[in-house]
file model-v4.csv (CSV, C-alpha atoms)
chain,number,residue,atom,x,y,z
A,1,MET,CA,0.0,0.0,0.0
A,2,PHE,CA,1.2,3.5,-0.8
A,3,SER,CA,1.3,6.4,1.7
A,4,VAL,CA,-0.2,9.9,1.5
A,5,GLY,CA,2.3,12.2,-0.2
A,6,GLU,CA,4.1,9.4,-2.1
A,7,LEU,CA,4.7,9.8,-5.8
A,8,VAL,CA,3.5,6.9,-8.0
A,9,VAL,CA,3.2,6.1,-11.7
A,10,TYR,CA,-0.5,5.4,-12.3
A,11,GLY,CA,-1.9,4.0,-15.6
A,12,GLY,CA,-2.5,6.5,-18.3
A,13,GLU,CA,-2.1,9.5,-15.9
A,14,GLY,CA,1.6,9.1,-15.3
A,15,VAL,CA,3.3,10.5,-12.2
A,16,CYS,CA,0.7,11.3,-9.4
A,17,ARG,CA,0.9,12.2,-5.8
A,18,VAL,CA,-1.2,10.2,-3.3
A,19,MET,CA,-3.4,12.8,-1.7
A,20,ARG,CA,-5.8,10.7,0.4
A,21,ILE,CA,-6.5,7.1,1.3
A,22,GLY,CA,-9.9,6.0,2.5
A,23,PRO,CA,-13.5,5.7,1.5
A,24,SER,CA,-14.4,7.6,-1.7
A,25,THR,CA,-16.8,10.6,-1.7
A,26,LEU,CA,-18.1,9.6,-5.1
A,27,SER,CA,-21.7,8.4,-5.0
A,28,CYS,CA,-21.0,5.5,-7.2
A,29,ALA,CA,-18.1,4.2,-5.1
A,30,ASP,CA,-18.4,1.1,-2.9
A,31,PRO,CA,-18.5,2.4,0.7
A,32,ASN,CA,-16.8,-0.8,1.9
A,33,ARG,CA,-13.7,-0.3,-0.2
A,34,GLU,CA,-10.6,1.9,0.3
A,35,TYR,CA,-9.6,4.3,-2.4
A,36,TYR,CA,-6.6,6.4,-3.4
A,37,THR,CA,-7.2,9.9,-4.4
A,38,LEU,CA,-4.4,10.8,-6.8
A,39,CYS,CA,-3.3,14.2,-8.1
A,40,PRO,CA,-1.4,14.1,-11.4
A,41,VAL,CA,1.9,16.0,-11.0
A,42,PHE,CA,2.2,17.2,-14.6
A,43,HIS,CA,-1.5,17.5,-15.5
A,44,THR,CA,-4.6,18.9,-13.9
A,45,GLY,CA,-7.3,16.9,-12.3
A,46,GLU,CA,-7.9,14.3,-9.7
A,47,VAL,CA,-8.1,10.5,-9.9
A,48,THR,CA,-9.9,8.2,-7.5
A,49,THR,CA,-9.0,4.5,-7.8
A,50,PRO,CA,-9.5,1.5,-5.5
A,51,VAL,CA,-6.5,0.6,-3.4
A,52,ASP,CA,-6.7,-2.9,-4.9
A,53,THR,CA,-6.8,-1.6,-8.5
A,54,ARG,CA,-5.6,-3.7,-11.4
A,55,VAL,CA,-4.4,-0.7,-13.3
A,56,LEU,CA,-0.6,-0.3,-13.3
A,57,MET,CA,0.5,1.5,-10.2
A,58,ARG,CA,4.0,1.6,-8.9
A,59,PRO,CA,6.3,3.9,-7.0
A,60,ILE,CA,8.4,6.3,-9.2
A,61,MET,CA,12.0,5.3,-9.6
A,62,SER,CA,14.4,6.7,-6.9
A,63,ARG,CA,16.9,9.4,-7.6
A,64,GLN,CA,19.7,6.8,-7.5
A,65,ASP,CA,17.8,4.6,-10.0
A,66,ALA,CA,17.2,7.7,-12.3
A,67,GLU,CA,20.9,8.6,-12.2
A,68,ALA,CA,21.9,5.0,-13.0
A,69,PHE,CA,19.4,4.9,-15.8
A,70,LEU,CA,20.8,8.1,-17.3
A,71,SER,CA,24.4,6.9,-17.0
A,72,SER,CA,23.5,3.7,-18.9
A,73,LEU,CA,21.3,5.3,-21.5
A,74,ALA,CA,24.0,5.8,-24.1
A,75,ASP,CA,24.6,2.0,-24.1
A,76,LEU,CA,20.9,1.1,-24.4
A,77,PRO,CA,20.2,-0.2,-27.9
A,78,ALA,CA,17.5,1.2,-30.1
A,79,GLU,CA,14.6,-1.2,-30.9
A,80,ALA,CA,14.5,-3.0,-34.2
A,81,HIS,CA,11.7,-1.8,-36.4
A,82,ASP,CA,12.0,-3.2,-39.9
A,83,THR,CA,9.5,-6.1,-39.4
A,84,LEU,CA,6.6,-4.1,-38.1
A,85,ASN,CA,3.6,-3.2,-40.3
A,86,GLN,CA,1.4,-0.3,-39.2
A,87,ARG,CA,-1.0,-2.4,-37.1
A,88,ALA,CA,1.7,-4.4,-35.4
A,89,ALA,CA,3.7,-1.2,-34.8
A,90,ARG,CA,0.7,0.6,-33.2
A,91,GLU,CA,0.1,-2.4,-30.9
A,92,HIS,CA,3.7,-2.6,-30.0
A,93,TYR,CA,4.0,1.1,-29.4
A,94,GLN,CA,0.9,1.0,-27.2
A,95,ALA,CA,2.3,-1.8,-25.2
A,96,VAL,CA,5.6,-0.1,-24.6
A,97,VAL,CA,4.0,3.2,-23.6
A,98,ALA,CA,1.4,1.5,-21.4
A,99,SER,CA,4.2,-0.4,-19.6
A,100,PHE,CA,5.7,2.9,-18.2
A,101,ASP,CA,9.0,1.0,-18.4
A,102,CYS,CA,11.7,3.6,-18.8
A,103,CYS,CA,14.2,1.3,-20.5
A,104,ARG,CA,11.6,0.1,-23.0
A,105,MET,CA,10.4,3.7,-23.7
A,106,ALA,CA,14.0,5.0,-24.2
A,107,SER,CA,14.8,2.1,-26.5
A,108,LEU,CA,11.6,2.8,-28.5
A,109,LEU,CA,12.5,6.6,-28.6
A,110,LYS,CA,16.0,5.8,-29.9
A,111,MET,CA,14.5,3.8,-32.8
A,112,LEU,CA,11.8,6.5,-33.5
A,113,TYR,CA,14.5,9.3,-33.5
A,114,ALA,CA,16.6,7.3,-35.9
A,115,LYS,CA,13.5,6.7,-38.2
A,116,ARG,CA,12.7,10.4,-38.0
A,117,ASP,CA,16.3,11.4,-38.9
A,118,ALA,CA,16.3,8.9,-41.9
A,119,ALA,CA,13.0,10.2,-43.1
A,120,ARG,CA,14.1,13.8,-43.0
A,121,ARG,CA,17.4,13.1,-44.8
A,122,SER,CA,15.5,11.4,-47.6
A,123,GLY,CA,12.9,14.3,-47.8
A,124,LYS,CA,10.0,12.2,-46.4
A,125,LYS,CA,7.6,12.9,-43.5
A,126,VAL,CA,7.6,11.0,-40.3
A,127,SER,CA,4.4,8.9,-39.8
A,128,GLN,CA,1.7,10.3,-37.5
A,129,LEU,CA,1.8,7.0,-35.7
A,130,ASP,CA,5.5,7.4,-34.9
A,131,GLU,CA,5.1,11.0,-33.9
A,132,ARG,CA,2.1,10.3,-31.6
A,133,TYR,CA,3.6,7.4,-29.8
A,134,GLY,CA,7.1,9.0,-29.7
A,135,LYS,CA,5.5,12.0,-27.9
A,136,ARG,CA,3.7,9.8,-25.4
A,137,ALA,CA,6.8,7.8,-24.6
A,138,GLU,CA,8.8,11.0,-24.3
A,139,ASP,CA,6.3,12.6,-22.0
A,140,HIS,CA,6.1,9.5,-19.7
A,141,LEU,CA,9.8,9.1,-19.6
A,142,TYR,CA,10.6,12.8,-19.0
A,143,GLU,CA,7.9,13.1,-16.3
A,144,GLU,CA,9.2,10.2,-14.3
A,145,LEU,CA,12.8,11.4,-14.6
A,146,ALA,CA,11.8,14.9,-13.6
A,147,ALA,CA,9.9,13.7,-10.6
A,148,ALA,CA,12.7,11.3,-9.5
A,149,LEU,CA,15.5,13.9,-10.0
A,150,GLU,CA,13.4,16.7,-8.6
A,151,ILE,CA,13.9,18.9,-11.6
A,152,GLU,CA,11.6,20.6,-14.1
A,153,LYS,CA,10.4,18.5,-16.9
A,154,SER,CA,11.9,21.0,-19.4
A,155,ALA,CA,15.3,20.3,-17.9
A,156,VAL,CA,15.2,16.5,-18.5
A,157,CYS,CA,16.4,16.6,-22.1
A,158,GLY,CA,19.5,18.6,-21.1
A,159,ARG,CA,20.2,16.1,-18.3
A,160,ILE,CA,19.8,13.2,-20.8
A,161,ARG,CA,22.1,14.9,-23.3
A,162,ARG,CA,24.9,15.0,-20.7
A,163,PHE,CA,25.0,11.2,-20.8
A,164,CYS,CA,23.8,10.6,-24.3
A,165,PRO,CA,25.0,13.5,-26.5
A,166,ASP,CA,23.2,12.2,-29.7
A,167,TRP,CA,19.8,12.4,-27.9
A,168,PRO,CA,17.8,15.0,-29.9
A,169,GLU,CA,16.9,18.4,-28.4
A,170,LYS,CA,13.3,18.6,-27.5

call {"tool": "encode", "arguments": {"input": "model-v4.csv", "output": "C-alpha cells"}}
result
Amino acid sequence: MFSVGELVVYGGEGVCRVMRIGPSTLSCADPNREYYTLCPVFHTGEVTTPVDTRVLMRPIMSRQDAEAFLSSLADLPAEAHDTLNQRAAREHYQAVVASFDCCRMASLLKMLYAKRDAARRSGKKVSQLDERYGKRAEDHLYEELAAALEIEKSAVCGRIRRFCPDWPEK
C-alpha cells in the first residue's frame, strides 16, 4: 500500500501524488472499499481508484535509479523496427508506452528518433503513428525522470544529453 504524499506512476495518468486514502466521496463508489485519491503532478485533475486496482500503479524510480538509468542510456540499444507493419507497430508502441518501463520507452524513442532522422534526410515525412507514440513515450519518460530527479520536466532533455549526446533536443 502506498502512503499519502508518495509519488507513484498510475496507468495513463503518469506521475501522481497520493493525496488521500480512505472511502471515496463519489456516490457510485463502494462504501466498503478503500480508495486512493491521486493528483497528477504534470497535469490537472484528480483520480480516484480502488487501493486494490488492477491498473498499473508503482512507485516512481528513486533518484539513485534515475541517475543510474541516465548513465546507462548511451549503451541502451534502439529497438529494431524493420519487421513491423502499421497495425503491429501501433500495438507494439501502445504496449511499450502503457508499460511505463523507462528502458523500453527509451529504446523505442531511440528507434523512432533514428527513423525520423532517416525520413528527414530522404525528404520524407515522419508517420503520424511514430510521432504520436514518440510524444507519449517521451512525455512519460521525461515526467518520471523529472519527478525522480526533482527537476523541471523542461530540464530533463538537457540532463539526458549529458550522458547521451546524440539524444535529440526537444

call {"tool": "closest_residue", "arguments": {"input": "model-v4.csv", "among": "A:Val41, A:Ala118, A:Leu7, A:Ala147", "to": "Arg63 of chain A", "atoms": "all atoms listed in the file"}}
result
A:Ala147

call {"tool": "atom_distance", "arguments": {"input": "model-v4.csv", "atom1": "atom CA of Ala95 of chain A", "atom2": "atom CA of Arg162 of chain A"}}
result
28.5 Å

call {"tool": "residues_around", "arguments": {"input": "model-v4.csv", "residues": "Asp65 of chain A", "least_positions_apart": "2", "cutoff": "12 Å", "atoms": "only C-alpha atoms", "output": "PyMOL selection string"}}
result
chain A and resi 59-63+67-72+102-103+144-145+148-149

call {"tool": "atom_distance", "arguments": {"input": "model-v4.csv", "atom1": "atom CA of Asn32 of chain A", "atom2": "atom CA of Thr48 of chain A"}}
result
14.7 Å

call {"tool": "closest_residue", "arguments": {"input": "model-v4.csv", "among": "A:Ser107, A:Val126, A:Asp75, A:Asp139", "to": "Gly12 of chain A", "atoms": "all atoms listed in the file"}}
result
A:Asp139

call {"tool": "residues_near_point", "arguments": {"input": "model-v4.csv", "point": "(-4.4, 13.1, -7.4)", "cutoff": "8 Å", "atoms": "all atoms listed in the file", "output": "ChimeraX atom specification"}}
result
/A:16-19,37-41,45-48

call {"tool": "write_last_selection", "arguments": {"input": "model-v4.csv", "atoms": "C-alpha atoms", "output": "compact mmCIF listing (two decimals), keeping the file's coordinate frame"}}
result
# COMPACT_ATOMS: atom_id res chain seq x y z
CA CYS A 16 0.70 11.30 -9.40
CA ARG A 17 0.90 12.20 -5.80
CA VAL A 18 -1.20 10.20 -3.30
CA MET A 19 -3.40 12.80 -1.70
CA THR A 37 -7.20 9.90 -4.40
CA LEU A 38 -4.40 10.80 -6.80
CA CYS A 39 -3.30 14.20 -8.10
CA PRO A 40 -1.40 14.10 -11.40
CA VAL A 41 1.90 16.00 -11.00
CA GLY A 45 -7.30 16.90 -12.30
CA GLU A 46 -7.90 14.30 -9.70
CA VAL A 47 -8.10 10.50 -9.90
CA THR A 48 -9.90 8.20 -7.50

call {"tool": "atom_distance", "arguments": {"input": "model-v4.csv", "atom1": "atom CA of Glu152 of chain A", "atom2": "atom CA of Cys164 of chain A"}}
result
18.8 Å

call {"tool": "residues_around", "arguments": {"input": "model-v4.csv", "residues": "Tyr113 of chain A", "least_positions_apart": "3", "cutoff": "10 Å", "atoms": "all atoms listed in the file", "output": "PDB file with C-alpha atoms, keeping the file's coordinate frame"}}
result
ATOM      1  CA  ALA A  78      17.500   1.200 -30.100  1.00  0.00           C
ATOM      2  CA  LEU A 108      11.600   2.800 -28.500  1.00  0.00           C
ATOM      3  CA  LEU A 109      12.500   6.600 -28.600  1.00  0.00           C
ATOM      4  CA  LYS A 110      16.000   5.800 -29.900  1.00  0.00           C
ATOM      5  CA  ARG A 116      12.700  10.400 -38.000  1.00  0.00           C
ATOM      6  CA  ASP A 117      16.300  11.400 -38.900  1.00  0.00           C
ATOM      7  CA  ALA A 118      16.300   8.900 -41.900  1.00  0.00           C
ATOM      8  CA  ALA A 119      13.000  10.200 -43.100  1.00  0.00           C
ATOM      9  CA  VAL A 126       7.600  11.000 -40.300  1.00  0.00           C
ATOM     10  CA  ASP A 130       5.500   7.400 -34.900  1.00  0.00           C
ATOM     11  CA  GLU A 131       5.100  11.000 -33.900  1.00  0.00           C
ATOM     12  CA  GLY A 134       7.100   9.000 -29.700  1.00  0.00           C
ATOM     13  CA  ASP A 166      23.200  12.200 -29.700  1.00  0.00           C
ATOM     14  CA  TRP A 167      19.800  12.400 -27.900  1.00  0.00           C
ATOM     15  CA  PRO A 168      17.800  15.000 -29.900  1.00  0.00           C
TER      16      PRO A 168
END

call {"tool": "residues_near_point", "arguments": {"input": "model-v4.csv", "point": "(-17.3, 6.0, -1.2)", "cutoff": "12 Å", "atoms": "all atoms listed in the file", "output": "PyMOL selection string"}}
result
chain A and resi 21-37+48-50

call {"tool": "residues_around", "arguments": {"input": "model-v4.csv", "residues": "Arg58 of chain A", "least_positions_apart": "4", "cutoff": "9 Å", "atoms": "all atoms listed in the file", "output": "PyMOL selection string"}}
result
chain A and resi 2+7-10
